[in-house]
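Source file: model-v9.cif. Holds: mmCIF, C-alpha atoms.
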data_entry
#
loop_
_atom_site.label_atom_id
_atom_site.label_comp_id
_atom_site.auth_asym_id
_atom_site.auth_seq_id
_atom_site.Cartn_x
_atom_site.Cartn_y
_atom_site.Cartn_z
CA MET A 1 13.45 -23.02 163.00
CA ALA A 2 11.19 -25.65 164.56
CA ARG A 3 8.66 -27.23 162.24
CA GLN A 4 5.91 -27.32 164.87
CA VAL A 5 3.72 -24.28 165.48
CA ASP A 6 2.73 -23.75 169.13
CA LEU A 7 -1.08 -23.68 169.01
CA LEU A 8 -1.59 -23.37 172.76
CA LYS A 9 -0.11 -19.92 173.34
CA GLY A 10 0.99 -16.81 171.53
CA ASN A 11 -0.79 -14.64 168.97
CA ILE A 12 -3.83 -16.56 167.72
CA LEU A 13 -3.94 -15.20 164.18
CA ARG A 14 -0.21 -15.71 163.72
CA SER A 15 -0.29 -19.29 165.05
CA LEU A 16 -3.34 -20.18 162.99
CA THR A 17 -1.92 -18.60 159.84
CA LEU A 18 1.47 -20.26 160.21
CA LEU A 19 -0.25 -23.63 160.50
CA ALA A 20 -2.92 -22.94 157.86
CA LEU A 21 -0.81 -21.53 155.03
CA PRO A 22 1.21 -24.71 154.35
CA ILE A 23 -1.96 -26.82 154.67
CA MET A 24 -3.72 -24.55 152.20
CA GLY A 25 -0.65 -24.78 150.01
CA SER A 26 -0.82 -28.58 150.20
CA GLN A 27 -4.48 -28.49 149.18
CA LEU A 28 -3.68 -26.18 146.28
CA VAL A 29 -0.92 -28.56 145.25
CA GLN A 30 -3.46 -31.40 145.31
CA MET A 31 -5.74 -29.26 143.19
CA ALA A 32 -2.83 -28.62 140.83
CA TYR A 33 -2.34 -32.40 140.46
CA ASN A 34 -5.88 -32.65 139.11
CA LEU A 35 -5.75 -29.48 137.04
CA ILE A 36 -2.52 -30.49 135.33
CA ASP A 37 -4.09 -33.83 134.44
CA MET A 38 -7.06 -31.94 133.00
CA ILE A 39 -4.85 -29.54 131.04
CA TRP A 40 -3.01 -32.36 129.29
CA ILE A 41 -5.95 -34.74 128.98
CA GLY A 42 -8.09 -31.89 127.67
CA ARG A 43 -5.68 -31.72 124.73
CA VAL A 44 -6.54 -35.35 123.95
CA GLY A 45 -10.25 -34.52 123.77
CA ALA A 46 -13.51 -34.24 125.71
CA GLY A 47 -13.93 -38.03 125.59
CA ALA A 48 -10.67 -38.54 127.47
CA VAL A 49 -11.74 -35.98 130.07
CA ALA A 50 -15.06 -37.80 130.49
CA ALA A 51 -13.18 -41.08 131.04
CA VAL A 52 -11.01 -39.59 133.77
CA GLY A 53 -14.06 -37.87 135.25
CA ALA A 54 -15.99 -41.13 135.55
CA ALA A 55 -13.06 -43.06 137.07
CA GLY A 56 -12.20 -40.10 139.28
CA MET A 57 -15.54 -40.45 141.04
CA PHE A 58 -14.22 -43.58 142.72
CA MET A 59 -11.06 -41.77 143.79
CA TRP A 60 -13.36 -39.19 145.37
CA LEU A 61 -15.22 -42.01 147.13
CA SER A 62 -11.94 -43.44 148.46
CA ASN A 63 -11.07 -40.05 149.94
CA GLY A 64 -14.43 -40.08 151.69
CA MET A 65 -13.73 -43.48 153.20
CA ALA A 66 -10.29 -42.33 154.33
CA VAL A 67 -11.97 -39.70 156.50
CA LEU A 68 -12.60 -42.43 159.09
CA PRO A 69 -8.93 -42.90 160.07
CA ARG A 70 -7.82 -39.43 158.92
CA MET A 71 -10.16 -37.18 160.88
CA GLY A 72 -10.46 -39.47 163.89
CA GLY A 73 -6.67 -39.74 164.06
CA GLN A 74 -6.09 -36.03 163.69
CA VAL A 75 -8.61 -35.01 166.34
CA LYS A 76 -7.65 -37.61 168.95
CA VAL A 77 -3.92 -37.02 168.43
CA ALA A 78 -4.31 -33.23 168.68
CA GLN A 79 -6.49 -33.50 171.81
CA SER A 80 -3.97 -35.86 173.41
CA ILE A 81 -1.10 -33.49 172.60
CA GLY A 82 -3.05 -30.59 174.10
CA ALA A 83 -3.59 -32.66 177.25
CA GLY A 84 0.13 -33.48 177.37
CA ASP A 85 -0.36 -37.25 176.92
CA MET A 86 2.06 -38.21 174.13
CA LYS A 87 1.71 -41.94 174.73
CA ALA A 88 -2.03 -41.73 174.04
CA ALA A 89 -1.29 -39.61 170.96
CA GLY A 90 1.06 -42.33 169.67
CA ARG A 91 -1.52 -45.06 170.24
CA TYR A 92 -4.21 -43.16 168.35
CA ALA A 93 -1.80 -42.40 165.50
CA ALA A 94 -0.89 -46.10 165.18
CA ALA A 95 -4.56 -47.09 165.20
CA ALA A 96 -5.33 -44.59 162.44
CA LEU A 97 -2.48 -45.84 160.25
CA GLN A 98 -3.42 -49.49 160.74
CA MET A 99 -7.05 -48.77 159.88
CA ALA A 100 -5.99 -46.89 156.74
CA GLY A 101 -3.81 -49.78 155.60
CA VAL A 102 -6.59 -52.35 155.88
CA MET A 103 -9.14 -50.09 154.20
CA SER A 104 -6.80 -49.34 151.28
CA LEU A 105 -6.23 -53.03 150.55
CA VAL A 106 -9.97 -53.76 150.54
CA TYR A 107 -10.68 -50.80 148.27
CA THR A 108 -7.91 -51.84 145.86
CA LEU A 109 -9.48 -55.30 145.52
CA VAL A 110 -12.89 -53.77 144.80
CA MET A 111 -11.44 -51.55 142.08
CA PHE A 112 -9.63 -54.45 140.39
CA VAL A 113 -12.53 -56.87 140.48
CA GLY A 114 -15.32 -54.41 139.78
CA ALA A 115 -13.79 -51.99 137.27
CA GLY A 116 -16.22 -53.00 134.52
CA PRO A 117 -19.54 -52.62 136.37
CA LEU A 118 -18.28 -49.59 138.31
CA ILE A 119 -17.58 -47.64 135.12
CA GLY A 120 -20.68 -49.11 133.44
CA PHE A 121 -22.82 -47.34 136.06
CA PHE A 122 -22.27 -43.99 134.30
CA ARG A 123 -23.62 -45.19 130.93
CA LEU A 124 -20.98 -43.36 128.94
CA ASN A 125 -21.84 -42.83 125.30
CA SER A 126 -18.70 -44.34 123.77
CA ALA A 127 -17.13 -47.79 124.07
CA GLU A 128 -13.69 -46.21 123.70
CA VAL A 129 -14.34 -43.78 126.55
CA GLU A 130 -15.53 -46.66 128.76
CA ALA A 131 -12.35 -48.64 127.99
CA GLN A 132 -10.19 -45.63 128.88
CA ALA A 133 -12.08 -45.13 132.14
CA ARG A 134 -11.65 -48.79 133.14
CA ALA A 135 -7.91 -48.66 132.42
CA TYR A 136 -7.54 -45.47 134.48
CA LEU A 137 -9.48 -46.98 137.40
CA ILE A 138 -7.41 -50.17 137.49
CA ILE A 139 -4.09 -48.33 137.35
CA VAL A 140 -4.93 -45.86 140.11
CA GLY A 141 -6.05 -48.88 142.13
CA PHE A 142 -2.37 -49.75 142.49
CA GLY A 143 -1.91 -46.46 144.32
CA MET A 144 -4.70 -46.84 146.86
CA PHE A 145 -2.31 -47.69 149.68
CA PHE A 146 -0.33 -44.52 148.98
CA SER A 147 -3.54 -42.48 148.75
CA PHE A 148 -4.96 -43.66 152.10
CA ALA A 149 -1.61 -43.58 153.91
CA ASN A 150 -0.72 -40.10 152.65
CA LEU A 151 -4.04 -38.64 153.77
CA VAL A 152 -3.62 -40.05 157.27
CA LEU A 153 0.07 -39.18 157.60
CA VAL A 154 -0.59 -35.60 156.54
CA ALA A 155 -3.42 -35.29 159.08
CA LEU A 156 -1.30 -36.72 161.91
CA ILE A 157 1.65 -34.47 161.14
CA ASN A 158 -0.66 -31.44 160.93
CA ALA A 159 -2.08 -32.39 164.34
CA THR A 160 1.36 -31.83 165.89
CA GLY A 161 1.42 -28.27 164.52
CA ASN A 162 3.78 -29.11 161.65
CA SER A 163 2.20 -28.33 158.29
CA ARG A 164 5.42 -27.51 156.43
CA THR A 165 6.59 -31.09 155.96
CA PRO A 166 3.35 -32.24 154.27
CA PHE A 167 3.50 -29.17 152.02
CA PHE A 168 7.06 -30.00 150.98
CA ALA A 169 6.13 -33.61 150.24
CA MET A 170 3.10 -32.59 148.17
CA ALA A 171 5.13 -30.01 146.24
CA VAL A 172 7.75 -32.61 145.30
CA GLY A 173 5.00 -34.98 144.20
CA LEU A 174 3.48 -32.22 142.07
CA GLY A 175 6.83 -31.65 140.41
CA ALA A 176 7.02 -35.31 139.48
CA ASN A 177 3.46 -35.21 138.15
CA ILE A 178 4.19 -32.13 136.04
CA VAL A 179 7.14 -33.88 134.40
CA LEU A 180 5.52 -37.29 133.92
CA ASP A 181 2.09 -36.22 132.62
CA PRO A 182 3.07 -35.02 129.14
CA LEU A 183 5.76 -37.70 128.80
CA LEU A 184 3.37 -40.58 129.48
CA ILE A 185 0.18 -39.16 127.96
CA PHE A 186 1.65 -38.15 124.59
CA GLY A 187 4.86 -40.21 124.47
CA VAL A 188 8.05 -38.16 124.33
CA GLY A 189 11.39 -39.68 123.39
CA PRO A 190 11.70 -43.19 124.87
CA PHE A 191 8.42 -42.88 126.80
CA PRO A 192 5.35 -44.73 125.43
CA GLN A 193 2.20 -42.87 124.37
CA TRP A 194 -0.32 -44.18 126.90
CA GLY A 195 -2.98 -41.46 126.77
CA VAL A 196 -5.39 -41.62 129.71
CA ALA A 197 -3.50 -44.58 131.19
CA GLY A 198 -0.34 -42.45 131.20
CA ALA A 199 -2.06 -39.85 133.39
CA ALA A 200 -2.97 -42.62 135.85
CA VAL A 201 0.62 -43.91 135.98
CA ALA A 202 1.90 -40.37 136.58
CA THR A 203 -0.56 -39.89 139.44
CA VAL A 204 0.35 -43.17 141.16
CA THR A 205 4.07 -42.46 140.81
CA ALA A 206 3.65 -39.00 142.34
CA GLN A 207 1.68 -40.47 145.26
CA GLY A 208 4.43 -43.00 145.86
CA ILE A 209 7.01 -40.22 146.03
CA VAL A 210 4.91 -38.27 148.53
CA PHE A 211 4.56 -41.38 150.70
CA ALA A 212 8.33 -41.97 150.66
CA ILE A 213 8.98 -38.42 151.91
CA LEU A 214 6.35 -38.58 154.65
CA ALA A 215 7.47 -42.04 155.78
CA ARG A 216 11.08 -40.87 156.01
CA TYR A 217 10.02 -37.90 158.15
CA ALA A 218 7.98 -40.18 160.42
CA SER A 219 10.94 -42.52 160.91
CA GLN A 220 13.05 -39.62 162.22
CA ASP A 221 10.40 -37.62 164.11
CA GLN A 222 10.66 -37.37 167.90
CA THR A 223 7.49 -35.32 168.45
CA LEU A 224 4.77 -37.89 167.72
CA PHE A 225 6.01 -40.86 165.75
CA ALA A 226 8.59 -41.80 168.37
CA TYR A 227 5.55 -42.96 170.36
CA VAL A 228 3.95 -44.87 167.45
CA ASP A 229 4.24 -48.68 167.46
CA LEU A 230 2.72 -50.18 164.32
CA LYS A 231 3.62 -53.72 165.40
CA LYS A 232 1.12 -53.60 168.23
CA PRO A 233 -2.49 -54.07 167.00
CA ALA A 234 -4.87 -51.28 167.89
CA SER A 235 -7.35 -52.03 170.65
CA ARG A 236 -11.09 -52.00 170.15
CA ALA A 237 -11.33 -49.00 172.45
CA GLN A 238 -8.90 -47.00 170.32
CA LEU A 239 -10.67 -47.88 167.08
CA ALA A 240 -14.02 -47.08 168.65
CA ALA A 241 -12.74 -43.68 169.79
CA LEU A 242 -11.61 -42.85 166.25
CA CYS A 243 -14.95 -43.96 164.80
CA LYS A 244 -16.91 -41.98 167.38
CA VAL A 245 -15.22 -38.77 166.29
CA SER A 246 -15.18 -39.31 162.54
CA GLY A 247 -18.05 -41.76 161.96
CA PRO A 248 -20.71 -39.17 161.03
CA ALA A 249 -18.24 -37.25 158.85
CA THR A 250 -17.23 -40.47 157.11
CA VAL A 251 -20.83 -41.32 156.30
CA MET A 252 -21.25 -37.81 154.91
CA ASN A 253 -18.08 -38.04 152.82
CA ILE A 254 -19.13 -41.43 151.41
CA ILE A 255 -22.68 -40.35 150.63
CA PHE A 256 -21.47 -37.14 149.00
CA PRO A 257 -19.56 -38.82 146.12
CA ILE A 258 -22.34 -41.40 145.69
CA ILE A 259 -24.77 -38.53 145.19
CA GLY A 260 -22.19 -37.02 142.85
CA MET A 261 -22.15 -40.23 140.83
CA ILE A 262 -25.93 -40.18 140.50
CA ILE A 263 -25.76 -36.55 139.36
CA ALA A 264 -22.99 -37.47 136.89
CA ARG A 265 -25.17 -40.23 135.49
CA LEU A 266 -27.96 -37.70 135.02
CA VAL A 267 -25.51 -35.29 133.36
CA SER A 268 -24.35 -38.00 130.94
CA GLY A 269 -27.78 -37.75 129.30
CA TRP A 270 -26.52 -34.53 127.68
CA GLY A 271 -23.51 -36.36 126.19
CA ASP A 272 -19.86 -36.98 127.04
CA ALA A 273 -19.11 -33.26 126.59
CA ALA A 274 -21.41 -32.49 129.52
CA VAL A 275 -19.57 -35.05 131.67
CA ALA A 276 -16.29 -33.40 130.68
CA VAL A 277 -17.68 -29.97 131.63
CA GLN A 278 -18.63 -31.22 135.08
CA LYS A 279 -15.21 -32.80 135.59
CA VAL A 280 -13.21 -29.77 134.49
CA GLY A 281 -15.60 -27.30 136.12
CA SER A 282 -15.39 -29.05 139.47
CA GLN A 283 -11.59 -29.03 139.31
CA ILE A 284 -11.57 -25.29 138.59
CA GLU A 285 -14.10 -24.72 141.35
CA SER A 286 -11.85 -26.60 143.77
CA ILE A 287 -9.72 -23.47 144.10
CA SER A 288 -12.25 -22.39 146.72
CA TRP A 289 -13.23 -25.60 148.48
CA MET A 290 -9.77 -27.16 148.66
CA THR A 291 -8.37 -23.96 150.15
CA ALA A 292 -11.23 -23.87 152.64
CA ASP A 293 -10.63 -27.54 153.41
CA GLY A 294 -6.99 -26.76 154.16
CA PHE A 295 -7.93 -23.95 156.53
CA ALA A 296 -10.56 -26.19 158.12
CA ALA A 297 -7.83 -28.76 158.84
CA ALA A 298 -5.80 -26.06 160.58
CA VAL A 299 -8.82 -24.94 162.62
CA ASN A 300 -9.46 -28.59 163.49
CA SER A 301 -5.99 -29.01 165.02
CA PHE A 302 -6.09 -25.57 166.66
CA ILE A 303 -9.43 -26.15 168.38
CA ALA A 304 -8.62 -29.77 169.28
CA GLN A 305 -5.33 -28.90 170.98
CA ASN A 306 -6.87 -26.01 172.89
CA CYS A 307 -9.85 -28.14 173.93
CA GLY A 308 -7.42 -30.77 175.16
CA ALA A 309 -5.71 -28.04 177.18
CA GLY A 310 -9.09 -26.76 178.49
CA ASN A 311 -8.83 -23.34 176.80
CA LEU A 312 -12.25 -22.75 175.23
CA ARG A 313 -11.77 -18.98 174.92
CA ARG A 314 -8.71 -19.39 172.71
CA ALA A 315 -10.47 -22.03 170.62
CA ARG A 316 -13.40 -19.68 169.98
CA LYS A 317 -11.11 -16.81 169.01
CA GLY A 318 -9.28 -19.07 166.58
CA PHE A 319 -12.53 -19.90 164.82
CA GLY A 320 -13.48 -16.21 164.60
CA ALA A 321 -10.20 -15.29 162.92
CA ALA A 322 -10.49 -18.20 160.47
CA PHE A 323 -14.10 -17.33 159.64
CA LEU A 324 -13.15 -13.78 158.68
CA LEU A 325 -10.34 -14.95 156.41
CA MET A 326 -12.51 -17.59 154.71
CA THR A 327 -15.26 -15.02 154.11
CA ILE A 328 -12.79 -12.82 152.24
CA TRP A 329 -11.53 -15.82 150.25
CA GLY A 330 -15.04 -16.98 149.37
CA ILE A 331 -15.98 -13.55 148.02
CA PHE A 332 -12.83 -13.50 145.89
CA CYS A 333 -13.57 -16.95 144.44
CA THR A 334 -17.14 -15.95 143.61
CA ALA A 335 -15.91 -12.89 141.72
CA LEU A 336 -13.27 -14.92 139.90
CA LEU A 337 -15.66 -17.61 138.64
CA VAL A 338 -18.53 -15.27 137.78
CA PHE A 339 -16.53 -12.63 135.90
CA CYS A 340 -13.67 -14.68 134.41
CA ALA A 341 -15.46 -17.91 133.50
CA ALA A 342 -14.75 -17.94 129.75
CA PRO A 343 -10.97 -17.45 129.73
CA ILE A 344 -10.53 -19.83 132.66
CA PHE A 345 -12.52 -22.69 131.11
CA ARG A 346 -11.05 -22.16 127.63
CA PHE A 347 -7.61 -22.81 129.10
CA PHE A 348 -8.61 -26.39 129.95
CA ILE A 349 -10.89 -27.38 127.06
CA PRO A 350 -10.45 -25.16 124.01
CA GLU A 351 -13.21 -26.86 121.97
CA ALA A 352 -15.68 -24.13 120.89
CA ASP A 353 -18.80 -26.28 121.21
CA VAL A 354 -17.98 -27.18 124.83
CA LEU A 355 -17.12 -23.65 126.03
CA PRO A 356 -20.68 -22.29 126.51
CA MET A 357 -21.60 -25.23 128.78
CA GLY A 358 -18.39 -24.70 130.76
CA VAL A 359 -19.06 -20.99 131.24
CA ASP A 360 -22.59 -21.68 132.48
CA TYR A 361 -21.25 -24.19 135.00
CA LEU A 362 -18.65 -21.81 136.46
CA VAL A 363 -20.98 -18.81 136.68
CA ILE A 364 -23.82 -20.74 138.33
CA LEU A 365 -21.55 -22.52 140.82
CA GLY A 366 -19.64 -19.31 141.40
CA TYR A 367 -22.53 -17.80 143.35
CA SER A 368 -22.19 -20.50 146.03
CA GLU A 369 -18.44 -20.29 146.71
CA LEU A 370 -18.65 -18.09 149.82
CA PHE A 371 -21.23 -20.35 151.45
CA MET A 372 -19.27 -23.47 150.52
CA CYS A 373 -16.25 -22.01 152.33
CA TRP A 374 -18.40 -21.40 155.41
CA GLU A 375 -19.73 -24.96 155.36
CA ILE A 376 -16.28 -26.53 155.12
CA LEU A 377 -14.72 -24.31 157.80
CA VAL A 378 -17.55 -24.95 160.26
CA GLY A 379 -17.23 -28.69 159.63
CA GLY A 380 -13.55 -28.52 160.60
CA ALA A 381 -14.37 -26.51 163.73
CA TYR A 382 -17.03 -28.99 164.83
CA ALA A 383 -14.52 -31.82 164.35
CA GLY A 384 -12.02 -30.00 166.55
CA PHE A 385 -14.57 -30.17 169.36
CA GLY A 386 -14.90 -33.92 168.68
CA ASN A 387 -18.45 -33.58 167.33
CA THR A 388 -18.99 -34.16 163.61
CA LEU A 389 -22.68 -35.08 163.83
CA PRO A 390 -24.34 -31.65 163.27
CA SER A 391 -22.29 -30.76 160.20
CA SER A 392 -22.75 -34.27 158.80
CA VAL A 393 -26.54 -34.24 159.21
CA VAL A 394 -26.92 -30.84 157.54
CA SER A 395 -24.63 -31.83 154.69
CA ILE A 396 -26.28 -35.22 154.09
CA VAL A 397 -29.81 -33.80 154.07
CA PHE A 398 -29.18 -30.90 151.73
CA THR A 399 -26.73 -32.73 149.50
CA GLY A 400 -29.28 -35.54 149.14
CA LEU A 401 -31.87 -33.00 148.03
CA ARG A 402 -29.68 -32.27 145.02
CA ILE A 403 -30.99 -35.37 143.25
CA PRO A 404 -34.71 -34.50 143.19
CA ALA A 405 -33.86 -30.82 142.66
CA ALA A 406 -31.62 -31.65 139.70
CA MET A 407 -34.29 -33.87 138.15
CA ALA A 408 -36.98 -31.24 138.62
CA LEU A 409 -35.00 -28.23 137.44
CA SER A 410 -33.42 -30.01 134.47
CA ALA A 411 -36.91 -30.93 133.24
CA THR A 412 -37.68 -27.22 132.81
CA ALA A 413 -36.36 -24.79 130.21
CA LEU A 414 -33.11 -24.65 132.22
CA GLY A 415 -32.10 -28.09 130.93
CA LEU A 416 -28.53 -28.98 131.95
CA ASN A 417 -28.19 -25.67 133.80
CA GLY A 418 -30.94 -26.89 136.13
CA VAL A 419 -28.51 -29.54 137.37
CA TRP A 420 -25.87 -26.89 138.07
CA TRP A 421 -28.42 -24.71 139.92
CA SER A 422 -29.35 -27.65 142.16
CA LEU A 423 -25.70 -27.91 143.23
CA SER A 424 -25.31 -24.18 143.79
CA ILE A 425 -28.53 -23.66 145.75
CA SER A 426 -27.83 -26.61 148.06
CA SER A 427 -24.35 -25.25 148.86
CA ILE A 428 -25.80 -21.84 149.69
CA LEU A 429 -28.36 -23.37 152.04
CA LYS A 430 -25.80 -25.64 153.74
CA GLY A 431 -23.42 -22.75 154.38
CA ILE A 432 -26.06 -20.47 155.89
CA ILE A 433 -27.77 -23.11 158.04
CA LEU A 434 -24.63 -24.81 159.33
CA THR A 435 -22.96 -21.52 160.25
CA GLY A 436 -26.05 -20.46 162.19
CA VAL A 437 -26.23 -23.80 164.03
CA PHE A 438 -22.54 -23.62 164.96
CA LEU A 439 -22.81 -20.09 166.33
CA ILE A 440 -25.64 -21.28 168.58
CA PHE A 441 -23.43 -24.21 169.65
CA LEU A 442 -20.61 -21.83 170.61
CA TRP A 443 -23.01 -19.56 172.52
CA ARG A 444 -24.36 -22.49 174.52
CA LEU A 445 -20.88 -23.88 175.13
CA GLN A 446 -19.62 -20.72 176.76
CA LYS A 447 -22.53 -20.86 179.23
CA LYS A 448 -21.29 -24.24 180.54
CA PRO A 449 -18.88 -24.38 183.49
CA SER A 450 -16.55 -26.83 181.71
CA LEU A 451 -15.71 -28.12 178.27
CA PRO A 452 -17.57 -31.15 176.89
CA GLN A 453 -15.92 -34.52 177.41
CA ILE A 454 -13.56 -35.17 174.48
#

Structure encoded using structure tokens:
Amino acid sequence: MARQVDLLKGNILRSLTLLALPIMGSQLVQMAYNLIDMIWIGRVGAGAVAAVGAAGMFMWLSNGMAVLPRMGGQVKVAQSIGAGDMKAAGRYAAAALQMAGVMSLVYTLVMFVGAGPLIGFFRLNSAEVEAQARAYLIIVGFGMFFSFANLVLVALINATGNSRTPFFAMAVGLGANIVLDPLLIFGVGPFPQWGVAGAAVATVTAQGIVFAILARYASQDQTLFAYVDLKKPASRAQLAALCKVSGPATVMNIIFPIIGMIIARLVSGWGDAAVAVQKVGSQIESISWMTADGFAAAVNSFIAQNCGAGNLRRARKGFGAAFLLMTIWGIFCTALLVFCAAPIFRFFIPEADVLPMGVDYLVILGYSELFMCWEILVGGAYAGFGNTLPSSVVSIVFTGLRIPAAMALSATALGLNGVWWSLSISSILKGIILTGVFLIFLWRLQKKPSLPQI
């Protein structure tokens, strides 16, 4: 059976589902990477979780920066494939990979040189926790090339309609992570007991394995990568085209973790246990947003290919089907977090004094899951049309408002829960407003005689 799903004809729901399910699976595998780390590190203690949480903020920031080559590459490649221009698709893919390589090297240097002040920003309450966080940050710095390259390769392969290969690669990487985590964190047999550093080594090793699988596929692929020439430098026009598509989304995805860091610094005022709660809680909560992000990636490729082929009607129907499915998923995630918060959180951090804070986090954030799914899906749909500005503006404005809202609400009787409510309320507002704006965009688009220039 061919790996590529035909997104230009055939049953829309079937095509979209066949593409989306492996992407969603890949996102769930990525979530499992993080959750498995938290399960094992949580057994070391809340301090270790806080260390990984602080260092992990900079991994989150790197993912935001990688949006520039990742989203731009995916959209331009998919649009070129839809238009039947495989040479252009190959040029855009090469430009995206070259950009990712340069960015990863720069980011690695920043992590090595600035590990001390970067971790010091969070004002952690223990010198030991700070030392663990610095060690984790430096080690994962060695894997930055793999991290950037994997994100872009997955996006480019998805753009061709093949989401099964990335899922296979991610699943193999997860298997390696599952095996290596306990061996390197606790020291089993001949393996050293490295604690938090061991989790970092396991993560980098798993990323390297994923890269090897994806690179091997690319070397044999005749659909897209046969047209990719990495020896030829990308032109300014190609790089500009990528930046035009993904520039606003990149700014949003960089600002978002920076705001998250400021919130984390505010949270640290309630102690390292509160930092650990935010880290673990956000990983549990990712069951909704990472799944939505996977479906958004599928909608991105679906809309981009059909826009490239000039089929707006099919693109709109694809979004409608995806929106219905994500609404059902968001409602399920809300129910799961609100009604099952205690047993879920206890599985990751069993410490009795931390559990009440963890339950509060999951319940409060649980109310926003549906709207978060809407926000993410609409962002992917906008990107498929080659326009990431509206979703980026809405996200930046309302995410930025989290800081004053968190400061104001946490100063009331709500205390730490005021911070969690600032996150939840902003997600609800973003989901409602952005969905409304996008529906107006679709209504106006169908009134035009032709598709916008892409």

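Residue nearest Arg70 in chain A within the list A:Trp329, A:Tyr92, A:Phe319, A:Tyr367: A:Tyr92 [criterion: smallest interatomic distance, all atoms listed in the file].
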
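Atom pair CA of Ala159 in chain A / CA of Asn306 in chain A: separated by 11.7 Å.
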
request  = Could you list the residues chosen by the PyMOL selection byres ((chain A and resi 188-198) around 9) in this structure as a VMD selection string?
outcome  = chain A and resid 41 44 48 to 49 51 to 52 132 to 133 135 to 137 139 180 to 187 199 to 203

request  = Run through the PyMOL selection byres ((chain A and resi 381-398) around 8) on the given coordinates and return the selected residues as an MDAnalysis selection string.
outcome  = chainID A and resid 71 75 245:249 251:252 255:256 296 299:304 307 319 375 377:380 399:402 426:427 429:430 433:434 438 454

Return the padded bounding box of range 211-229 of chain A as AutoDock Vina command-line options: axis-aligned, built from all atoms listed in the file, 6 Å added on each side, with centre and edge lengths in Å to one decimal.
--center_x 8.5 --center_y -42.0 --center_z 160.5 --size_x 21.1 --size_y 25.4 --size_z 31.7

note = Counting only C-alpha atoms, the residue among A:Gly141, A:Pro404, A:Gly45, A:Gly64 that lies closest to Pro350 in chain A is A:Gly45

key: A:Ala321, A:Val277, A:Leu174, A:Leu19 ranked by distance to Arg346 in chain A, top pick (using all atoms listed in the file)   = A:Val277

request  = Spell out the residues picked by the PyMOL selection byres ((chain A and resi 107) around 12) here, as an NGL selection string.
outcome  = :A and (58-59 or 61-66 or 100-106 or 108-115 or 137-138 or 140-145 or 147-148)

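One finds CA of Leu442 in chain A at 10.9 Å from CA of Gly320 in chain A.
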